[in-house]
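K.L.:
A single structure is presented below for examination.
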Amino acid sequence: MPSLDARGVASLLREYAQRTALRGGNPYRAKAYSRAADSLAALAVSLDVLVAEDRLTEIPGVGDAIADIITKVHKTGSHPSLEKLRKEIPAGVLEMLSVPGLRPEKVLRLYKDLGITSLAELEAAAKNDRIKKAKGLGPSLQTKILQNLAIARSGEGRLHLHRAAALLAHAKDSVRKSRPELKRVTIAGDFRRGCELIGDLAIVAEAAKPDKTSTPSADGLQIRVSDRKHFGAALLFATGSAGHIEQLQALAAENGLRLGADGLHKGRTLIAGEEADIYRALGLPFIDPELREGRGEIEAALKGNLPKLVTDQDLRGILHCHTDASDGTETLETMAKATRQRGFEYFGVADHSKSAHYAGGLSVEQIAQQHREADRLNKRFGKDFRILKGIESDILADGSLDYDDDVLERFDFVVASIHGRFKLDRKAQTQRLLRAISDPHTTIIGHMTGRQLQRRPGYEIDVEKVLRACAKHDVVVEINAHPWRLDLDWRWHQAALEFGCMLSINPDAHSIPELDHMHWGVEMARKGGVSADRVLNAMTLAEITRYFRQKRRSLARAA
């Protein structure tokens with residue numbers, strides 16, 4: 001039989017991962033197979049070549065053991081261990097692993113105890129209260145399943161932004177090495193548009209002549225090759241979105257022009273082939289890729305109202321970070337030094353508060369100890385860098401903050417966040433946030449909706465009412481940059497700006513590598529149309545120190 005291509009092998013490796021997870025044992029083995037499958041789906045070099053040249057371990061996440069599995073699956077179309085696992089569980093059961101919060105052991109119980117063998121049967125069983133009544137499963141699992149089935153369907157085949165970034169970087173490097181004649185190898189697709197979940201892994205490259213054979217694949221990595229004359233148009237169309245392209249084409253038609261993947265034409269004459277030239281010829285300024293969603297960006301561009309989007313370089317400091325005083329992995333000193341080494345002017349520590357027992361929340365005595373340590377380090381750092389003293393204070397069920405006023409007054413800033421009681425109804429959850437926002441000690445509302453992408457939906461709140469309250473009480477709205485959160489959703493950023501809110505791009509870092517999550521927060525802010533003048537931590541050290549000082553003075557006057 002003919003050998004399987006990379007996508008075929010990736011599909012079987014992903015099945016192997018799922019069946020291994022259902023088998024139990026070491027959970028990291030199944031995750032390793034799944035990550036290797038993702039890498040195979042984004043392969044830029046023929047799998048035949050990598051197997052023939054014994055180069056499989058160059059693929060991210062592929063070691064010797066997985067390389068052996070890939071080789072056998074590639075050559076034979078299967079693997080003995082996979083065939084053995086297939087005899088244990090029907091294929092439809094694997095679908096249930098896509099439901100967030102539904103662990104392999106629960107999937108097995110659903111199959112063995114209730115005979116459920118597909119997502120459709122799972123949904124029917126949940127709606128008919130069969131899961132609720134089953135011993136060892138129960139009502140809470142049934143509720144979770146009903147909530148998360150939609151997430152399973154909407155997120156199918158999509159990768160978190162940071163995972164897609166690693167795959168695309170490897171693919172880009174592979175293209176350059178394997179095809180050195182190509183120029184301008186550029187990442188496109190929804191990653192270039194800064195989408196929070198990536199399903200369109202795409203690269204555009206320039207060749208001396210158009211490559212008629214380089215048609216996009218139905219799934220996995222898409223590589224488009226264009227000549228120099230048409231490269232910009234190919235990049236434009238490979239970036240999308242479909243709505244944005246359709247609106248550009250309509251604008252072109254209104255002006256007697258035709259816009260296609262081969263450029264902007266007047267009759268048979270090519271009048272623009274580069275991205276910027278196409279926009280210019282249509283009477284538009286260049287529209288940043290993050291804005292290209294067909295959500296009014298072309299109308300704004302025609303009126304000269306496009307924002308100057310915030311960049312990584314605009315950020316002057318980092319707020320909302322954790323240390324080993326609560327649930328972080330590093331000391332205050334090492335986190336601050338790592339922040340300084342990245343060129344920032346300040347580090348805002350915000351460990352968990354006392355009610356967060358699960359995260360080692362700080363007692364009042366531990367707060368005093370951390371503040372003494374911050375003072376000691378600040379003397380050593382001098383005037384060019386400073387540790388700002390903050391806390392991530394739990395918003396309790398009634399909306400109050402998790403310390404008495406005399407403790408809250410000791411901090412430079414307070415990030416108020418919800419970490420529990422997610423199931424309160426929309427009205428109660430909204431009132432809970434509104435009370436926390438009205439507390440004069442609150443500086444920032446952290447991860448406002450509590451969502452975790454492809455894991456759980458956010459709790460129900462009236463986002464517009466909450467944003468209006470933030471603007472009224474001068475409370476900053478967080479753009480939580482952790483790639484699992486990216487909360488507040490970029491689709492609400494314009495409303496926040498219109499109401500008068502400031503935003504803060506925070507990494508929610510629990511380790512040194514997580515400090516670099518800042519970039520994903522910038523991507524979300526750019527996608528939401530946010531400019532640097534509306535970002536709290538685009539302020540210099542002097543400016544943000546003054547800002548916090550004025551807030552404390554207002555607090556003192558109110559008291």
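Residue numbering restarts at 1 for every chain of the structure tokens, chains are lettered A, B, ... in their displayed order, and ligands are numbered from 1 as they appear.
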Output as CSV one row per residue of range 8-40 of chain A within 9 Å of range 96-104 of chain A: the closest atom pair and its distance in Å to one decimal place, counting only C-alpha atoms, sorted by chain and residue number ascending.
P.N.:
residue,atom,partner,partner_atom,distance
A:Gln18,CA,A:Leu97,CA,7.4
A:Ala21,CA,A:Pro104,CA,6.2
A:Leu22,CA,A:Pro104,CA,5.1
A:Arg23,CA,A:Pro104,CA,8.3
A:Gly24,CA,A:Pro104,CA,7.7
K.L.:
Mind checking which residues fall within 12 Å of Glu373 in chain A, counting only C-alpha atoms, ignoring those fewer than 3 positions away in the same chain, and posting them as an MDAnalysis selection string?
P.N.:
chainID A and resid 325 331:333 336 349 366:370 376:380 387:389
K.L.:
Write the residues of the preceding selection, restricted to all heavy atoms, as a short mmCIF file (atom, residue, chain, number, x, y, z; two decimals), in the first residue's frame.
P.N.:
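Dumped to part.cif:
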data_model
loop_
_atom_site.label_atom_id
_atom_site.label_comp_id
_atom_site.auth_asym_id
_atom_site.auth_seq_id
_atom_site.Cartn_x
_atom_site.Cartn_y
_atom_site.Cartn_z
N ALA A 325 5.79 33.16 46.76
CA ALA A 325 5.06 33.48 47.99
C ALA A 325 3.63 32.94 47.93
O ALA A 325 3.03 32.62 48.95
CB ALA A 325 5.04 34.99 48.22
N THR A 331 11.22 33.41 43.03
CA THR A 331 11.21 34.42 44.08
C THR A 331 10.88 35.79 43.50
O THR A 331 10.96 36.01 42.28
CB THR A 331 12.57 34.50 44.78
OG1 THR A 331 13.54 34.99 43.84
CG2 THR A 331 12.98 33.15 45.33
N LEU A 332 10.54 36.70 44.38
CA LEU A 332 10.29 38.09 43.97
C LEU A 332 11.52 38.66 43.28
O LEU A 332 11.41 39.34 42.24
CB LEU A 332 9.93 38.93 45.20
CG LEU A 332 9.69 40.42 44.98
CD1 LEU A 332 8.50 40.65 44.06
CD2 LEU A 332 9.47 41.13 46.32
N GLU A 333 12.68 38.39 43.82
CA GLU A 333 13.91 38.94 43.26
C GLU A 333 14.16 38.42 41.85
O GLU A 333 14.48 39.20 40.94
CB GLU A 333 15.10 38.60 44.16
CG GLU A 333 16.42 39.16 43.65
CD GLU A 333 17.56 38.95 44.64
OE1 GLU A 333 17.33 38.35 45.71
OE2 GLU A 333 18.70 39.39 44.32
N ALA A 336 11.63 39.88 39.37
CA ALA A 336 11.90 41.30 39.11
C ALA A 336 13.12 41.46 38.20
O ALA A 336 13.12 42.26 37.26
CB ALA A 336 12.10 42.04 40.42
N VAL A 349 4.17 43.00 41.35
CA VAL A 349 3.85 41.71 41.96
C VAL A 349 2.39 41.74 42.42
O VAL A 349 1.91 42.75 42.94
CB VAL A 349 4.79 41.40 43.14
CG1 VAL A 349 4.67 42.42 44.26
CG2 VAL A 349 4.55 39.99 43.67
N GLN A 366 2.57 37.71 55.86
CA GLN A 366 3.34 37.45 54.64
C GLN A 366 3.38 38.68 53.73
O GLN A 366 4.37 38.91 53.05
CB GLN A 366 2.76 36.24 53.89
CG GLN A 366 3.01 34.92 54.59
CD GLN A 366 2.24 33.78 53.94
OE1 GLN A 366 1.05 33.89 53.63
NE2 GLN A 366 2.92 32.65 53.73
N ILE A 367 2.30 39.44 53.72
CA ILE A 367 2.29 40.69 52.95
C ILE A 367 3.36 41.64 53.48
O ILE A 367 4.13 42.23 52.71
CB ILE A 367 0.89 41.35 53.02
CG1 ILE A 367 -0.12 40.53 52.23
CG2 ILE A 367 0.95 42.78 52.48
CD1 ILE A 367 -1.55 40.94 52.47
N ALA A 368 3.40 41.80 54.79
CA ALA A 368 4.40 42.69 55.39
C ALA A 368 5.81 42.22 55.06
O ALA A 368 6.69 43.05 54.73
CB ALA A 368 4.20 42.75 56.90
N GLN A 369 6.02 40.92 55.08
CA GLN A 369 7.34 40.36 54.75
C GLN A 369 7.69 40.65 53.29
O GLN A 369 8.82 41.04 52.97
CB GLN A 369 7.32 38.86 55.01
CG GLN A 369 8.65 38.16 54.72
CD GLN A 369 8.57 36.66 55.00
OE1 GLN A 369 7.63 36.19 55.62
NE2 GLN A 369 9.55 35.92 54.51
N GLN A 370 6.71 40.47 52.37
CA GLN A 370 6.97 40.72 50.95
C GLN A 370 7.27 42.20 50.71
O GLN A 370 8.14 42.55 49.90
CB GLN A 370 5.77 40.28 50.11
CG GLN A 370 6.04 40.38 48.61
CD GLN A 370 4.90 39.83 47.78
OE1 GLN A 370 3.90 40.51 47.60
NE2 GLN A 370 5.06 38.60 47.28
N ARG A 376 13.72 46.45 50.14
CA ARG A 376 15.15 46.14 50.09
C ARG A 376 15.65 46.06 48.66
O ARG A 376 16.69 46.64 48.32
CB ARG A 376 15.40 44.80 50.81
CG ARG A 376 16.87 44.38 50.87
CD ARG A 376 17.03 43.00 51.50
NE ARG A 376 16.52 41.94 50.66
CZ ARG A 376 17.19 41.42 49.62
NH1 ARG A 376 18.40 41.90 49.30
NH2 ARG A 376 16.66 40.45 48.92
N LEU A 377 14.90 45.39 47.83
CA LEU A 377 15.31 45.25 46.43
C LEU A 377 15.24 46.58 45.68
O LEU A 377 16.10 46.88 44.84
CB LEU A 377 14.42 44.22 45.73
CG LEU A 377 14.62 42.77 46.18
CD1 LEU A 377 13.52 41.88 45.63
CD2 LEU A 377 16.00 42.26 45.72
N ASN A 378 14.24 47.39 46.00
CA ASN A 378 14.12 48.68 45.31
C ASN A 378 15.30 49.60 45.61
O ASN A 378 15.74 50.37 44.75
CB ASN A 378 12.79 49.36 45.69
CG ASN A 378 11.62 48.78 44.91
OD1 ASN A 378 11.79 48.22 43.83
ND2 ASN A 378 10.42 48.93 45.46
N LYS A 379 15.81 49.51 46.81
CA LYS A 379 17.01 50.30 47.14
C LYS A 379 18.19 49.86 46.28
O LYS A 379 18.99 50.69 45.82
CB LYS A 379 17.37 50.14 48.63
CG LYS A 379 16.43 50.88 49.57
CD LYS A 379 16.85 50.68 51.02
CE LYS A 379 15.89 51.37 51.97
NZ LYS A 379 16.27 51.15 53.40
N ARG A 380 18.27 48.56 46.03
CA ARG A 380 19.36 48.04 45.21
C ARG A 380 19.16 48.40 43.73
O ARG A 380 20.11 48.71 43.02
CB ARG A 380 19.43 46.52 45.36
CG ARG A 380 20.65 45.90 44.68
CD ARG A 380 20.55 44.39 44.57
NE ARG A 380 20.38 43.76 45.88
CZ ARG A 380 20.15 42.45 46.02
NH1 ARG A 380 20.02 41.67 44.95
NH2 ARG A 380 20.01 41.94 47.23
N ILE A 387 9.98 47.69 41.91
CA ILE A 387 8.94 46.71 42.19
C ILE A 387 7.74 47.45 42.76
O ILE A 387 7.86 48.20 43.73
CB ILE A 387 9.42 45.66 43.22
CG1 ILE A 387 10.56 44.82 42.65
CG2 ILE A 387 8.25 44.75 43.64
CD1 ILE A 387 11.22 43.91 43.66
N LEU A 388 6.60 47.30 42.12
CA LEU A 388 5.36 47.89 42.60
C LEU A 388 4.61 46.85 43.42
O LEU A 388 4.50 45.68 43.01
CB LEU A 388 4.50 48.37 41.43
CG LEU A 388 5.13 49.48 40.57
CD1 LEU A 388 4.28 49.75 39.33
CD2 LEU A 388 5.31 50.76 41.39
N LYS A 389 4.11 47.24 44.57
CA LYS A 389 3.49 46.30 45.51
C LYS A 389 2.00 46.18 45.21
O LYS A 389 1.24 47.12 45.42
CB LYS A 389 3.69 46.80 46.94
CG LYS A 389 5.15 47.02 47.32
CD LYS A 389 5.25 47.79 48.63
CE LYS A 389 6.67 48.15 48.97
NZ LYS A 389 6.76 49.05 50.16
#
K.L.:
Closest to Asp384 in chain A among A:Asp404, A:His510, A:Ala276, A:Ala542, using only C-alpha atoms?
P.N.:
A:Ala542
K.L.:
Contacts between range 545-557 of chain A and range 462-527 of chain A, please, where a residue of range 462-527 of chain A counts if it comes within 12 Å (with only C-alpha atoms); show its shortest atom pair and distance in Å to one decimal, rows by chain and ascending number, as a Markdown table.
P.N.:
| residue | atom | partner | partner_atom | distance |
| --- | --- | --- | --- | --- |
| A:His473 | CA | A:Lys551 | CA | 10.8 |
| A:Asp474 | CA | A:Lys551 | CA | 9.0 |
| A:Val475 | CA | A:Lys551 | CA | 10.1 |
| A:Val476 | CA | A:Phe548 | CA | 11.7 |
K.L.:
Write out as an MDAnalysis selection string which residues come within 12 Å of Thr20 in chain A when counting only C-alpha atoms, dropping same-chain ones fewer than 5 positions away.
P.N.:
chainID A and resid 13:15 25:34 81:86 88:89 94 97 104:105
K.L.:
Could you go through range 327-363 of chain A and tell me which residues DSSP, when run on the backbone, assigns to alpha helix (DSSP H), listing them as a list of chain:residue names?
P.N.:
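Across range 327-363 of chain A, those assigned alpha helix (DSSP H) are A:Leu332, A:Glu333, A:Thr334, A:Met335, A:Ala336, A:Lys337, A:Ala338, A:Thr339, A:Arg340, A:Gln341.
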K.L.:
Could you write those residues out with N, CA, C and O atoms, as a PDB file, in the first residue's frame?
P.N.:
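In the end it all went to again.pdb:
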ATOM      1  N   LEU A 332      10.536  36.701  44.380  1.00  0.00           N
ATOM      2  CA  LEU A 332      10.290  38.087  43.972  1.00  0.00           C
ATOM      3  C   LEU A 332      11.517  38.664  43.284  1.00  0.00           C
ATOM      4  O   LEU A 332      11.414  39.337  42.244  1.00  0.00           O
ATOM      5  N   GLU A 333      12.679  38.393  43.824  1.00  0.00           N
ATOM      6  CA  GLU A 333      13.910  38.940  43.259  1.00  0.00           C
ATOM      7  C   GLU A 333      14.163  38.418  41.849  1.00  0.00           C
ATOM      8  O   GLU A 333      14.477  39.200  40.945  1.00  0.00           O
ATOM      9  N   THR A 334      14.035  37.112  41.633  1.00  0.00           N
ATOM     10  CA  THR A 334      14.333  36.567  40.303  1.00  0.00           C
ATOM     11  C   THR A 334      13.304  37.016  39.273  1.00  0.00           C
ATOM     12  O   THR A 334      13.651  37.274  38.120  1.00  0.00           O
ATOM     13  N   MET A 335      12.036  37.139  39.666  1.00  0.00           N
ATOM     14  CA  MET A 335      11.016  37.623  38.741  1.00  0.00           C
ATOM     15  C   MET A 335      11.265  39.082  38.377  1.00  0.00           C
ATOM     16  O   MET A 335      11.151  39.477  37.207  1.00  0.00           O
ATOM     17  N   ALA A 336      11.626  39.879  39.367  1.00  0.00           N
ATOM     18  CA  ALA A 336      11.900  41.296  39.106  1.00  0.00           C
ATOM     19  C   ALA A 336      13.120  41.459  38.204  1.00  0.00           C
ATOM     20  O   ALA A 336      13.115  42.262  37.258  1.00  0.00           O
ATOM     21  N   LYS A 337      14.177  40.698  38.481  1.00  0.00           N
ATOM     22  CA  LYS A 337      15.381  40.788  37.650  1.00  0.00           C
ATOM     23  C   LYS A 337      15.104  40.361  36.204  1.00  0.00           C
ATOM     24  O   LYS A 337      15.601  40.992  35.259  1.00  0.00           O
ATOM     25  N   ALA A 338      14.307  39.314  36.029  1.00  0.00           N
ATOM     26  CA  ALA A 338      13.974  38.854  34.683  1.00  0.00           C
ATOM     27  C   ALA A 338      13.164  39.908  33.933  1.00  0.00           C
ATOM     28  O   ALA A 338      13.324  40.095  32.722  1.00  0.00           O
ATOM     29  N   THR A 339      12.304  40.597  34.665  1.00  0.00           N
ATOM     30  CA  THR A 339      11.520  41.676  34.058  1.00  0.00           C
ATOM     31  C   THR A 339      12.428  42.825  33.640  1.00  0.00           C
ATOM     32  O   THR A 339      12.302  43.374  32.533  1.00  0.00           O
ATOM     33  N   ARG A 340      13.348  43.172  34.510  1.00  0.00           N
ATOM     34  CA  ARG A 340      14.301  44.244  34.203  1.00  0.00           C
ATOM     35  C   ARG A 340      15.174  43.883  33.003  1.00  0.00           C
ATOM     36  O   ARG A 340      15.430  44.729  32.133  1.00  0.00           O
ATOM     37  N   GLN A 341      15.604  42.625  32.926  1.00  0.00           N
ATOM     38  CA  GLN A 341      16.438  42.178  31.805  1.00  0.00           C
ATOM     39  C   GLN A 341      15.700  42.262  30.474  1.00  0.00           C
ATOM     40  O   GLN A 341      16.326  42.388  29.419  1.00  0.00           O
TER      41      GLN A 341
END
K.L.:
Quick check for you: according to DSSP on this backbone, which residues of range 68-218 of chain A are classed as strand (DSSP E or B)? Reply as a list in words.
P.N.:
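Put together, the selection reads Leu159, His160, Lys183, Arg184, Val185, Thr186, Ile187, Leu197, Ile198, Ala202, Ile203, Val204, Ala205, Glu206 and Ala207 of chain A.
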K.L.:
Which of these, A:Arg456, A:His357, A:His447, A:Arg534, has the shortest distance to Asp314 in chain A once you count only C-alpha atoms?
P.N.:
A:Arg534
K.L.:
Measure the distance from CA of His320 in chain A to CA of Tyr346 in chain A in Å and round it to one decimal.
P.N.:
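About the pair CA of His320 in chain A and CA of Tyr346 in chain A: they are 11.3 Å apart.
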K.L.:
Which polymer residues have any atom within 8 Å of an atom of Glu275 in chain A, counting only C-alpha atoms, with same-chain residues fewer than 6 positions away left out, as a ChimeraX atom specification?
P.N.:
/A:232-233,235-236,286
K.L.:
Next, dump the selected residues to file, keeping only C-alpha atoms, as a short mmCIF file (atom, residue, chain, number, x, y, z; two decimals), in the first residue's frame.
P.N.:
data_model
loop_
_atom_site.label_atom_id
_atom_site.label_comp_id
_atom_site.auth_asym_id
_atom_site.auth_seq_id
_atom_site.Cartn_x
_atom_site.Cartn_y
_atom_site.Cartn_z
CA GLY A 232 1.35 41.14 -1.85
CA ALA A 233 -2.01 40.11 -3.24
CA LEU A 235 -0.41 37.51 1.15
CA LEU A 236 -3.55 39.64 1.42
CA PHE A 286 -2.74 50.31 5.19
#
K.L.:
So which residues touch Ala272 in chain A within 10 Å, counting only C-alpha atoms, skipping near sequence neighbours fewer than 6 positions away, as a ChimeraX atom specification?
P.N.:
/A:229-230,232-233,259,262-266,278-282
K.L.:
Considering only C-alpha atoms, return as a PDB file with C-alpha atoms, in the first residue's frame whatever protein or nucleic-acid residues lie within 8 Å of Ser3 in chain A, sequence-local ones (same chain, fewer than 3 positions apart) excluded.
P.N.:
ATOM      1  CA  HIS A  74       3.944   6.149   7.595  1.00  0.00           C
ATOM      2  CA  LYS A  75       5.098   2.948   5.897  1.00  0.00           C
ATOM      3  CA  THR A  76       2.262   0.588   6.836  1.00  0.00           C
ATOM      4  CA  GLY A  77      -0.737   2.821   7.503  1.00  0.00           C
TER       5      GLY A  77
END
K.L.:
Please, which residues in range 22-77 of chain A fall within 10 Å of range 178-185 of chain A when counting only C-alpha atoms, and what is the closest atom pair and distance in Å to one decimal for each, ordered by chain then residue number, as JSON lines?
P.N.:
{"residue": "A:Ala44", "atom": "CA", "partner": "A:Ser178", "partner_atom": "CA", "distance": 8.6}
{"residue": "A:Val45", "atom": "CA", "partner": "A:Ser178", "partner_atom": "CA", "distance": 7.0}
{"residue": "A:Ser46", "atom": "CA", "partner": "A:Ser178", "partner_atom": "CA", "distance": 9.7}
K.L.:
Save out the residues we just selected, N, CA and C atoms, as a compact mmCIF listing (two decimals), in the first residue's frame.
P.N.:
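Okay, this is what ended up in again37.txt:
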# COMPACT_ATOMS: atom_id res chain seq x y z
N ALA A 44 6.28 21.40 6.98
CA ALA A 44 6.55 22.14 5.74
C ALA A 44 7.41 21.34 4.77
N VAL A 45 7.94 20.20 5.21
CA VAL A 45 8.79 19.35 4.39
C VAL A 45 8.11 18.00 4.23
N SER A 46 8.24 17.38 3.08
CA SER A 46 7.62 16.08 2.84
C SER A 46 8.05 15.08 3.91
K.L.:
Can you tell me which residues surround range 122-133 of chain A at a distance of at most 8 Å, considering only C-alpha atoms, apart from same-chain residues fewer than 4 positions away, and format the answer as a PyMOL selection string?
P.N.:
chain A and resi 96+110+116-118+137-143+145-146+149
K.L.:
Taking N, CA, C and O atoms for each residue, export the selection above as a CSV table (one decimal), in the first residue's frame.
P.N.:
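Final file, selection-v4.csv:
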chain,number,residue,atom,x,y,z
A,96,MET,N,-15.7,12.1,22.7
A,96,MET,CA,-16.1,12.6,24.0
A,96,MET,C,-14.9,13.3,24.7
A,96,MET,O,-15.1,14.1,25.6
A,110,LEU,N,-18.8,6.7,31.2
A,110,LEU,CA,-20.0,7.0,30.4
A,110,LEU,C,-20.2,5.9,29.4
A,110,LEU,O,-21.3,5.5,29.0
A,116,ILE,N,-22.7,4.9,26.2
A,116,ILE,CA,-22.6,6.1,25.3
A,116,ILE,C,-21.4,6.0,24.4
A,116,ILE,O,-20.3,5.8,24.9
A,117,THR,N,-21.6,6.1,23.1
A,117,THR,CA,-20.5,5.9,22.2
A,117,THR,C,-20.3,7.1,21.2
A,117,THR,O,-19.5,6.9,20.2
A,118,SER,N,-20.9,8.2,21.4
A,118,SER,CA,-20.6,9.4,20.5
A,118,SER,C,-21.0,10.7,21.2
A,118,SER,O,-21.7,10.7,22.3
A,137,LEU,N,-21.2,9.7,38.5
A,137,LEU,CA,-21.2,10.7,37.5
A,137,LEU,C,-21.9,11.9,38.1
A,137,LEU,O,-21.2,12.9,38.5
A,138,GLY,N,-23.2,11.9,38.1
A,138,GLY,CA,-23.9,12.9,38.9
A,138,GLY,C,-24.3,14.2,38.2
A,138,GLY,O,-23.9,14.5,37.0
A,139,PRO,N,-25.1,15.1,38.9
A,139,PRO,CA,-25.6,16.3,38.3
A,139,PRO,C,-24.6,17.3,37.9
A,139,PRO,O,-24.8,18.0,36.9
A,140,SER,N,-23.5,17.5,38.6
A,140,SER,CA,-22.5,18.5,38.3
A,140,SER,C,-21.8,18.2,37.0
A,140,SER,O,-21.6,19.1,36.2
A,141,LEU,N,-21.5,16.9,36.8
A,141,LEU,CA,-20.9,16.5,35.5
A,141,LEU,C,-21.8,16.7,34.4
A,141,LEU,O,-21.4,17.1,33.3
A,142,GLN,N,-23.1,16.4,34.6
A,142,GLN,CA,-24.1,16.6,33.5
A,142,GLN,C,-24.2,18.0,33.1
A,142,GLN,O,-24.2,18.3,31.9
A,143,THR,N,-24.2,18.9,34.1
A,143,THR,CA,-24.3,20.3,33.8
A,143,THR,C,-23.0,20.8,33.0
A,143,THR,O,-23.1,21.6,32.1
A,145,ILE,N,-21.1,19.0,31.1
A,145,ILE,CA,-21.2,18.5,29.8
A,145,ILE,C,-22.1,19.3,28.9
A,145,ILE,O,-21.7,19.7,27.7
A,146,LEU,N,-23.2,19.7,29.4
A,146,LEU,CA,-24.2,20.5,28.6
A,146,LEU,C,-23.5,21.9,28.3
A,146,LEU,O,-23.7,22.4,27.2
A,149,LEU,N,-20.3,21.2,25.6
A,149,LEU,CA,-20.4,20.6,24.3
A,149,LEU,C,-20.2,21.6,23.2
A,149,LEU,O,-19.6,21.3,22.2
K.L.:
Pick from A:Ile391, A:Ala207, A:Leu159, A:Ile444: nearest to Arg410 in chain A, with only C-alpha atoms counted?
P.N.:
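Checking each of A:Ile391, A:Ala207, A:Leu159, A:Ile444 against Arg410 in chain A, counting only C-alpha atoms, the winner is A:Ile391.
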K.L.:
How many Å lie between CA of Leu434 in chain A and CA of Lys354 in chain A, rounded to one decimal?
P.N.:
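For CA of Leu434 in chain A relative to CA of Lys354 in chain A, the distance reads 21.4 Å.
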